[in-house]
Amino acid sequence: MANLIYSAIASLDGFTADGNGDFDWAAPDEEVHAFVNDKERPVGTYLYGRRMYETMVYWETAFTGDDQPAVVRDYARIWQAADKVVYSSTLDAVSSARTRLEREFDPDALRRLKKAAGRDVTVGGPGLAAHALAAGLVDECHLFLNPVVVGGGTRALPAGLHLELELLDERRFGNGVVYLRYRVG
């Protein structure tokens with residue numbers, strides 16, 4: 001059975017975007033990007049809500065030229081090679097290869113996907129992650145905390161959620177980002 005991993009880049013005060021919806025402060029430098037690439041390499045399927053998919057579909061065609069940094073081209077290849085499932089009741093169609101659209105989040109279908117998957121599955125975006133966390137489907141949380149406080153916005157973890165976590169790994173980066181990997185208990 002594959003692990004379901006919730007991975008998020010967040011501010012130190014726990015937000016993936018600020019009150020204006022901006023997340024420019026979350027752009028990884030080359031060191032962090034290379035580490036993210038290595039963490040994403042074993043992923044076979046990405047699960048997205050509409051907004052996260054609309055942000056990530058950029059990687060379908062971007063950064064494939066030789067004029068781009070190797071770390072960026074590497075991530076584009078990783079993203080393009082994975083399957084994607086987009087959960088949205090409002091999106092008309094998907095615009096990337098290896099992608100299917102689901103109209104609603106079905107915990108039982110996700111349990112079956114985890115059981116059948118030969119590679120890890122990640123859930124991207126705090127809205128969809130809240131559903132997967134509440135359903136008890138998330139096995140690990142990978143958080144990249146940035147040295148910035150934004151004071152409000154989109155929470156990385158939902159309010160009212162109670163989880164027991166076991167720290168499995170941590171890493172500090174030269175730009176002040178801290179990576180934390182937790183097993184959900």
# chains A, B, ... in the order shown; residues from 1 in each chain; ligands from 1

call {"tool": "closest_atom_pairs", "arguments": {"of": "segment 87-185 of chain A", "to": "segment 12-31 of chain A", "cutoff": "6 Å", "atoms": "only C-alpha atoms", "output": "JSON lines"}}
result
{"residue": "A:Leu145", "atom": "CA", "partner": "A:Leu12", "partner_atom": "CA", "distance": 5.4}
{"residue": "A:Asn146", "atom": "CA", "partner": "A:Leu12", "partner_atom": "CA", "distance": 5.7}
{"residue": "A:Pro147", "atom": "CA", "partner": "A:Leu12", "partner_atom": "CA", "distance": 5.9}
{"residue": "A:Val148", "atom": "CA", "partner": "A:Leu12", "partner_atom": "CA", "distance": 5.8}
{"residue": "A:Val149", "atom": "CA", "partner": "A:Asp13", "partner_atom": "CA", "distance": 5.5}
{"residue": "A:Val150", "atom": "CA", "partner": "A:Asp18", "partner_atom": "CA", "distance": 5.6}
{"residue": "A:Gly152", "atom": "CA", "partner": "A:Gly19", "partner_atom": "CA", "distance": 5.4}
{"residue": "A:Gly153", "atom": "CA", "partner": "A:Gly19", "partner_atom": "CA", "distance": 3.9}
{"residue": "A:Thr154", "atom": "CA", "partner": "A:Ala17", "partner_atom": "CA", "distance": 5.2}
{"residue": "A:Arg155", "atom": "CA", "partner": "A:Phe15", "partner_atom": "CA", "distance": 4.4}
{"residue": "A:Ala156", "atom": "CA", "partner": "A:Phe15", "partner_atom": "CA", "distance": 5.1}

call {"tool": "write_last_selection", "arguments": {"atoms": "N, CA and C atoms", "output": "PDB file, in the first residue's frame"}}
result
ATOM      1  N   LEU A 145       8.679  25.045   6.187  1.00  0.00           N
ATOM      2  CA  LEU A 145       8.361  26.304   6.854  1.00  0.00           C
ATOM      3  C   LEU A 145       9.353  27.375   6.440  1.00  0.00           C
ATOM      4  N   ASN A 146       8.810  28.479   5.916  1.00  0.00           N
ATOM      5  CA  ASN A 146       9.623  29.591   5.438  1.00  0.00           C
ATOM      6  C   ASN A 146       9.795  30.634   6.532  1.00  0.00           C
ATOM      7  N   PRO A 147      10.936  31.319   6.541  1.00  0.00           N
ATOM      8  CA  PRO A 147      11.197  32.319   7.575  1.00  0.00           C
ATOM      9  C   PRO A 147      10.469  33.631   7.289  1.00  0.00           C
ATOM     10  N   VAL A 148       9.151  33.550   7.294  1.00  0.00           N
ATOM     11  CA  VAL A 148       8.308  34.722   7.078  1.00  0.00           C
ATOM     12  C   VAL A 148       7.021  34.514   7.874  1.00  0.00           C
ATOM     13  N   VAL A 149       6.500  35.585   8.422  1.00  0.00           N
ATOM     14  CA  VAL A 149       5.207  35.573   9.110  1.00  0.00           C
ATOM     15  C   VAL A 149       4.283  36.442   8.282  1.00  0.00           C
ATOM     16  N   VAL A 150       3.139  35.885   7.852  1.00  0.00           N
ATOM     17  CA  VAL A 150       2.239  36.623   6.976  1.00  0.00           C
ATOM     18  C   VAL A 150       0.976  37.104   7.682  1.00  0.00           C
ATOM     19  N   GLY A 152      -1.937  35.868   8.414  1.00  0.00           N
ATOM     20  CA  GLY A 152      -3.270  35.380   8.073  1.00  0.00           C
ATOM     21  C   GLY A 152      -3.311  34.948   6.628  1.00  0.00           C
ATOM     22  N   GLY A 153      -4.398  34.285   6.246  1.00  0.00           N
ATOM     23  CA  GLY A 153      -4.554  33.821   4.880  1.00  0.00           C
ATOM     24  C   GLY A 153      -5.091  32.412   4.844  1.00  0.00           C
ATOM     25  N   THR A 154      -4.536  31.596   3.979  1.00  0.00           N
ATOM     26  CA  THR A 154      -4.955  30.212   3.822  1.00  0.00           C
ATOM     27  C   THR A 154      -4.120  29.335   4.740  1.00  0.00           C
ATOM     28  N   ARG A 155      -4.792  28.701   5.683  1.00  0.00           N
ATOM     29  CA  ARG A 155      -4.091  27.870   6.674  1.00  0.00           C
ATOM     30  C   ARG A 155      -3.564  26.598   6.019  1.00  0.00           C
ATOM     31  N   ALA A 156      -2.334  26.206   6.376  1.00  0.00           N
ATOM     32  CA  ALA A 156      -1.759  24.956   5.887  1.00  0.00           C
ATOM     33  C   ALA A 156      -2.480  23.758   6.492  1.00  0.00           C
TER      34      ALA A 156
END

call {"tool": "residues_around", "arguments": {"residues": "Gly125 of chain A", "least_positions_apart": "5", "cutoff": "9 Å", "atoms": "only C-alpha atoms", "output": "PDB file with C-alpha atoms, in the first residue's frame"}}
result
ATOM      1  CA  TYR A   6       0.347  15.927   2.516  1.00  0.00           C
ATOM      2  CA  SER A   7       3.145  18.251   1.481  1.00  0.00           C
ATOM      3  CA  ALA A   8       2.933  22.008   1.959  1.00  0.00           C
ATOM      4  CA  THR A  16       0.257  28.619   2.465  1.00  0.00           C
ATOM      5  CA  LEU A  47      -4.136  14.817  -5.829  1.00  0.00           C
ATOM      6  CA  TYR A  48      -5.231  18.420  -6.268  1.00  0.00           C
ATOM      7  CA  GLY A  49      -8.166  20.682  -5.667  1.00  0.00           C
ATOM      8  CA  ARG A  51      -6.962  26.053  -7.254  1.00  0.00           C
ATOM      9  CA  MET A  52      -3.830  24.001  -6.599  1.00  0.00           C
ATOM     10  CA  TYR A  53      -4.190  22.273  -9.969  1.00  0.00           C
ATOM     11  CA  ALA A 130      -8.341  19.015   5.123  1.00  0.00           C
ATOM     12  CA  ALA A 156      -1.759  24.956   5.887  1.00  0.00           C
TER      13      ALA A 156
END

call {"tool": "residues_around", "arguments": {"residues": "segment 75-90 of chain A", "least_positions_apart": "5", "cutoff": "10 Å", "atoms": "only C-alpha atoms", "output": "ChimeraX atom specification"}}
result
/A:33-34,36-38,40-54,56-64,70,96-106,119,121-124,128

call {"tool": "write_last_selection", "arguments": {"atoms": "N, CA and C atoms", "output": "short mmCIF file (atom, residue, chain, number, x, y, z; two decimals), in the first residue's frame"}}
result
data_model
loop_
_atom_site.label_atom_id
_atom_site.label_comp_id
_atom_site.auth_asym_id
_atom_site.auth_seq_id
_atom_site.Cartn_x
_atom_site.Cartn_y
_atom_site.Cartn_z
N HIS A 33 14.77 23.56 -3.75
CA HIS A 33 14.13 22.96 -4.92
C HIS A 33 14.70 21.57 -5.20
N ALA A 34 16.00 21.41 -5.11
CA ALA A 34 16.62 20.10 -5.35
C ALA A 34 16.14 19.08 -4.31
N VAL A 36 13.22 19.21 -2.66
CA VAL A 36 11.83 18.93 -3.01
C VAL A 36 11.78 17.92 -4.15
N ASN A 37 12.61 18.10 -5.17
CA ASN A 37 12.64 17.17 -6.30
C ASN A 37 12.89 15.75 -5.81
N ASP A 38 13.86 15.59 -4.91
CA ASP A 38 14.17 14.26 -4.40
C ASP A 38 13.00 13.67 -3.61
N GLU A 40 9.85 14.36 -4.23
CA GLU A 40 8.76 14.12 -5.18
C GLU A 40 9.04 12.96 -6.12
N ARG A 41 10.29 12.57 -6.28
CA ARG A 41 10.66 11.52 -7.21
C ARG A 41 9.87 10.21 -7.01
N PRO A 42 9.62 9.76 -5.77
CA PRO A 42 8.88 8.50 -5.59
C PRO A 42 7.36 8.63 -5.75
N VAL A 43 6.85 9.81 -6.02
CA VAL A 43 5.41 10.04 -6.11
C VAL A 43 4.90 9.56 -7.46
N GLY A 44 3.84 8.76 -7.42
CA GLY A 44 3.22 8.28 -8.64
C GLY A 44 1.96 9.04 -9.00
N THR A 45 1.30 9.64 -7.98
CA THR A 45 0.03 10.34 -8.22
C THR A 45 -0.05 11.58 -7.34
N TYR A 46 -0.44 12.68 -7.97
CA TYR A 46 -0.71 13.93 -7.25
C TYR A 46 -2.22 14.13 -7.18
N LEU A 47 -2.73 14.48 -6.01
CA LEU A 47 -4.14 14.82 -5.83
C LEU A 47 -4.23 16.31 -5.60
N TYR A 48 -5.09 16.97 -6.36
CA TYR A 48 -5.23 18.42 -6.27
C TYR A 48 -6.69 18.84 -6.20
N GLY A 49 -6.93 19.95 -5.51
CA GLY A 49 -8.17 20.68 -5.67
C GLY A 49 -8.01 21.59 -6.88
N ARG A 50 -9.07 22.25 -7.27
CA ARG A 50 -9.03 23.09 -8.47
C ARG A 50 -7.97 24.17 -8.41
N ARG A 51 -7.91 24.94 -7.32
CA ARG A 51 -6.96 26.05 -7.25
C ARG A 51 -5.52 25.57 -7.30
N MET A 52 -5.20 24.50 -6.58
CA MET A 52 -3.83 24.00 -6.60
C MET A 52 -3.49 23.46 -7.99
N TYR A 53 -4.44 22.77 -8.61
CA TYR A 53 -4.19 22.27 -9.97
C TYR A 53 -3.92 23.43 -10.92
N GLU A 54 -4.71 24.48 -10.84
CA GLU A 54 -4.52 25.63 -11.73
C GLU A 54 -3.16 26.27 -11.52
N MET A 56 -0.41 24.42 -10.39
CA MET A 56 0.60 23.42 -10.75
C MET A 56 0.61 23.03 -12.23
N VAL A 57 -0.48 23.21 -12.94
CA VAL A 57 -0.53 22.82 -14.35
C VAL A 57 0.49 23.61 -15.17
N TYR A 58 0.97 24.67 -14.63
CA TYR A 58 2.06 25.45 -15.22
C TYR A 58 3.23 24.54 -15.62
N TRP A 59 3.49 23.50 -14.81
CA TRP A 59 4.62 22.61 -15.04
C TRP A 59 4.42 21.69 -16.23
N GLU A 60 3.23 21.66 -16.79
CA GLU A 60 2.96 20.80 -17.94
C GLU A 60 3.79 21.23 -19.16
N THR A 61 3.98 22.53 -19.32
CA THR A 61 4.69 23.02 -20.50
C THR A 61 5.87 23.93 -20.16
N ALA A 62 5.99 24.33 -18.93
CA ALA A 62 7.03 25.31 -18.58
C ALA A 62 8.37 24.65 -18.32
N PHE A 63 9.39 25.42 -18.48
CA PHE A 63 10.74 25.06 -18.04
C PHE A 63 11.29 23.79 -18.64
N THR A 64 11.10 23.60 -19.91
CA THR A 64 11.67 22.41 -20.53
C THR A 64 12.89 22.73 -21.38
N ALA A 70 18.94 23.31 -14.21
CA ALA A 70 18.74 21.86 -14.20
C ALA A 70 17.70 21.45 -13.16
N SER A 96 -3.87 18.92 -18.74
CA SER A 96 -2.56 18.27 -18.68
C SER A 96 -2.73 16.77 -18.96
N ALA A 97 -1.66 16.18 -19.42
CA ALA A 97 -1.65 14.74 -19.68
C ALA A 97 -1.69 13.99 -18.35
N ARG A 98 -2.08 12.72 -18.42
CA ARG A 98 -2.07 11.83 -17.26
C ARG A 98 -2.92 12.38 -16.12
N THR A 99 -4.01 13.06 -16.46
CA THR A 99 -4.84 13.75 -15.46
C THR A 99 -6.30 13.36 -15.64
N ARG A 100 -6.96 13.09 -14.52
CA ARG A 100 -8.40 12.85 -14.58
C ARG A 100 -9.10 13.78 -13.59
N LEU A 101 -10.35 14.06 -13.89
CA LEU A 101 -11.17 14.97 -13.10
C LEU A 101 -12.19 14.17 -12.32
N GLU A 102 -12.25 14.42 -11.01
CA GLU A 102 -13.27 13.83 -10.13
C GLU A 102 -14.14 14.97 -9.61
N ARG A 103 -15.43 14.78 -9.63
CA ARG A 103 -16.36 15.84 -9.23
C ARG A 103 -16.50 15.99 -7.72
N GLU A 104 -16.19 14.94 -6.96
CA GLU A 104 -16.29 15.05 -5.50
C GLU A 104 -15.24 14.18 -4.84
N PHE A 105 -14.87 14.55 -3.63
CA PHE A 105 -13.91 13.79 -2.85
C PHE A 105 -14.62 12.59 -2.24
N ASP A 106 -14.12 11.40 -2.53
CA ASP A 106 -14.70 10.16 -2.04
C ASP A 106 -13.64 9.42 -1.22
N ARG A 119 3.22 3.39 -5.98
CA ARG A 119 4.09 4.50 -5.59
C ARG A 119 3.30 5.44 -4.69
N VAL A 121 1.44 8.63 -3.02
CA VAL A 121 0.42 9.56 -3.49
C VAL A 121 0.54 10.81 -2.62
N THR A 122 0.49 11.99 -3.24
CA THR A 122 0.52 13.21 -2.44
C THR A 122 -0.76 13.99 -2.65
N VAL A 123 -1.15 14.67 -1.60
CA VAL A 123 -2.29 15.58 -1.67
C VAL A 123 -1.73 16.99 -1.58
N GLY A 124 -2.07 17.80 -2.58
CA GLY A 124 -1.58 19.17 -2.64
C GLY A 124 -2.71 20.15 -2.45
N LEU A 128 -8.14 20.44 -0.01
CA LEU A 128 -8.27 19.01 -0.24
C LEU A 128 -7.62 18.21 0.88
#

call {"tool": "select_by_dssp", "arguments": {"residues": "segment 46-112 of chain A", "states": "helix (DSSP H, G or I)", "output": "PyMOL selection string"}}
result
chain A and resi 50-60+70-81+107-112

call {"tool": "write_last_selection", "arguments": {"atoms": "C-alpha atoms", "output": "PDB file, in the first residue's frame"}}
result
ATOM      1  CA  ARG A  50      -9.032  23.090  -8.472  1.00  0.00           C
ATOM      2  CA  ARG A  51      -6.962  26.053  -7.254  1.00  0.00           C
ATOM      3  CA  MET A  52      -3.830  24.001  -6.599  1.00  0.00           C
ATOM      4  CA  TYR A  53      -4.190  22.273  -9.969  1.00  0.00           C
ATOM      5  CA  GLU A  54      -4.523  25.628 -11.727  1.00  0.00           C
ATOM      6  CA  THR A  55      -1.252  26.680 -10.079  1.00  0.00           C
ATOM      7  CA  MET A  56       0.605  23.421 -10.748  1.00  0.00           C
ATOM      8  CA  VAL A  57      -0.534  22.819 -14.352  1.00  0.00           C
ATOM      9  CA  TYR A  58       2.062  25.448 -15.223  1.00  0.00           C
ATOM     10  CA  TRP A  59       4.624  22.612 -15.041  1.00  0.00           C
ATOM     11  CA  GLU A  60       2.964  20.798 -17.941  1.00  0.00           C
ATOM     12  CA  ALA A  70      18.737  21.859 -14.200  1.00  0.00           C
ATOM     13  CA  VAL A  71      16.765  21.719 -10.920  1.00  0.00           C
ATOM     14  CA  VAL A  72      13.766  23.358 -12.606  1.00  0.00           C
ATOM     15  CA  ARG A  73      13.881  21.087 -15.665  1.00  0.00           C
ATOM     16  CA  ASP A  74      14.146  18.109 -13.305  1.00  0.00           C
ATOM     17  CA  TYR A  75      10.988  19.121 -11.405  1.00  0.00           C
ATOM     18  CA  ALA A  76       9.063  19.631 -14.649  1.00  0.00           C
ATOM     19  CA  ARG A  77       9.958  16.086 -15.748  1.00  0.00           C
ATOM     20  CA  ILE A  78       8.955  14.653 -12.341  1.00  0.00           C
ATOM     21  CA  TRP A  79       5.602  16.457 -12.435  1.00  0.00           C
ATOM     22  CA  GLN A  80       4.857  15.516 -16.030  1.00  0.00           C
ATOM     23  CA  ALA A  81       5.628  11.813 -15.399  1.00  0.00           C
ATOM     24  CA  PRO A 107     -12.727   8.786   0.943  1.00  0.00           C
ATOM     25  CA  ASP A 108     -13.496   5.173  -0.023  1.00  0.00           C
ATOM     26  CA  ALA A 109     -12.204   5.702  -3.570  1.00  0.00           C
ATOM     27  CA  LEU A 110      -9.050   7.269  -2.140  1.00  0.00           C
ATOM     28  CA  ARG A 111      -8.574   4.274   0.178  1.00  0.00           C
ATOM     29  CA  ARG A 112      -8.779   2.004  -2.870  1.00  0.00           C
TER      30      ARG A 112
END

call {"tool": "atom_distance", "arguments": {"atom1": "atom CA of Arg172 of chain A", "atom2": "atom CA of His142 of chain A"}}
result
13.5 Å

call {"tool": "atom_distance", "arguments": {"atom1": "atom CA of Gly151 of chain A", "atom2": "atom CA of Val178 of chain A"}}
result
18.7 Å

call {"tool": "select_by_dssp", "arguments": {"residues": "segment 129-173 of chain A", "states": "strand (DSSP E or B)", "output": "list in words"}}
result
Glu140, Cys141, His142, Leu143, Phe144, Leu145, Asn146, Gly153, Thr154, Arg155, Leu165, Glu166, Leu167, Leu168, Asp169, Glu170, Arg171 and Arg172 of chain A

call {"tool": "closest_residue", "arguments": {"among": "A:Ile9, A:Ala2, A:Val32, A:Ala93", "to": "Gly174 of chain A", "atoms": "only C-alpha atoms"}}
result
A:Val32

call {"tool": "decode", "arguments": {"residues": "segment 87-111 of chain A", "atoms": "N, CA and C atoms", "output": "CSV table (one decimal), in the first residue's frame"}}
result
chain,number,residue,atom,x,y,z
A,87,TYR,N,-9.8,17.2,-8.0
A,87,TYR,CA,-11.2,17.2,-7.4
A,87,TYR,C,-11.8,18.6,-7.6
A,88,SER,N,-12.8,18.7,-8.4
A,88,SER,CA,-13.5,19.9,-8.6
A,88,SER,C,-14.9,19.8,-9.2
A,89,SER,N,-15.8,20.5,-8.6
A,89,SER,CA,-17.2,20.5,-9.1
A,89,SER,C,-17.4,21.6,-10.1
A,90,THR,N,-16.4,22.5,-10.3
A,90,THR,CA,-16.5,23.7,-11.1
A,90,THR,C,-15.6,23.7,-12.3
A,91,LEU,N,-14.5,22.9,-12.3
A,91,LEU,CA,-13.6,22.9,-13.5
A,91,LEU,C,-14.3,22.2,-14.6
A,92,ASP,N,-14.2,22.8,-15.8
A,92,ASP,CA,-14.8,22.2,-17.0
A,92,ASP,C,-14.0,21.0,-17.5
A,93,ALA,N,-12.7,21.1,-17.5
A,93,ALA,CA,-11.9,20.1,-18.1
A,93,ALA,C,-10.4,20.3,-17.5
A,94,VAL,N,-9.6,19.2,-17.6
A,94,VAL,CA,-8.2,19.3,-17.3
A,94,VAL,C,-7.4,19.6,-18.5
A,95,SER,N,-6.3,20.2,-18.4
A,95,SER,CA,-5.5,20.6,-19.5
A,95,SER,C,-4.1,20.0,-19.5
A,96,SER,N,-3.9,18.9,-18.7
A,96,SER,CA,-2.6,18.3,-18.7
A,96,SER,C,-2.7,16.8,-19.0
A,97,ALA,N,-1.7,16.2,-19.4
A,97,ALA,CA,-1.6,14.7,-19.7
A,97,ALA,C,-1.7,14.0,-18.4
A,98,ARG,N,-2.1,12.7,-18.4
A,98,ARG,CA,-2.1,11.8,-17.3
A,98,ARG,C,-2.9,12.4,-16.1
A,99,THR,N,-4.0,13.1,-16.5
A,99,THR,CA,-4.8,13.7,-15.5
A,99,THR,C,-6.3,13.4,-15.6
A,100,ARG,N,-7.0,13.1,-14.5
A,100,ARG,CA,-8.4,12.8,-14.6
A,100,ARG,C,-9.1,13.8,-13.6
A,101,LEU,N,-10.3,14.1,-13.9
A,101,LEU,CA,-11.2,15.0,-13.1
A,101,LEU,C,-12.2,14.2,-12.3
A,102,GLU,N,-12.3,14.4,-11.0
A,102,GLU,CA,-13.3,13.8,-10.1
A,102,GLU,C,-14.1,15.0,-9.6
A,103,ARG,N,-15.4,14.8,-9.6
A,103,ARG,CA,-16.4,15.8,-9.2
A,103,ARG,C,-16.5,16.0,-7.7
A,104,GLU,N,-16.2,14.9,-7.0
A,104,GLU,CA,-16.3,15.0,-5.5
A,104,GLU,C,-15.2,14.2,-4.8
A,105,PHE,N,-14.9,14.5,-3.6
A,105,PHE,CA,-13.9,13.8,-2.8
A,105,PHE,C,-14.6,12.6,-2.2
A,106,ASP,N,-14.1,11.4,-2.5
A,106,ASP,CA,-14.7,10.2,-2.0
A,106,ASP,C,-13.6,9.4,-1.2
A,107,PRO,N,-13.7,9.4,0.1
A,107,PRO,CA,-12.7,8.8,0.9
A,107,PRO,C,-12.5,7.3,0.6
A,108,ASP,N,-13.6,6.6,0.3
A,108,ASP,CA,-13.5,5.2,0.0
A,108,ASP,C,-12.7,5.0,-1.3
A,109,ALA,N,-13.0,5.8,-2.3
A,109,ALA,CA,-12.2,5.7,-3.6
A,109,ALA,C,-10.7,6.0,-3.3
A,110,LEU,N,-10.4,7.0,-2.4
A,110,LEU,CA,-9.0,7.3,-2.1
A,110,LEU,C,-8.4,6.1,-1.4
A,111,ARG,N,-9.1,5.5,-0.5
A,111,ARG,CA,-8.6,4.3,0.2
A,111,ARG,C,-8.2,3.2,-0.8
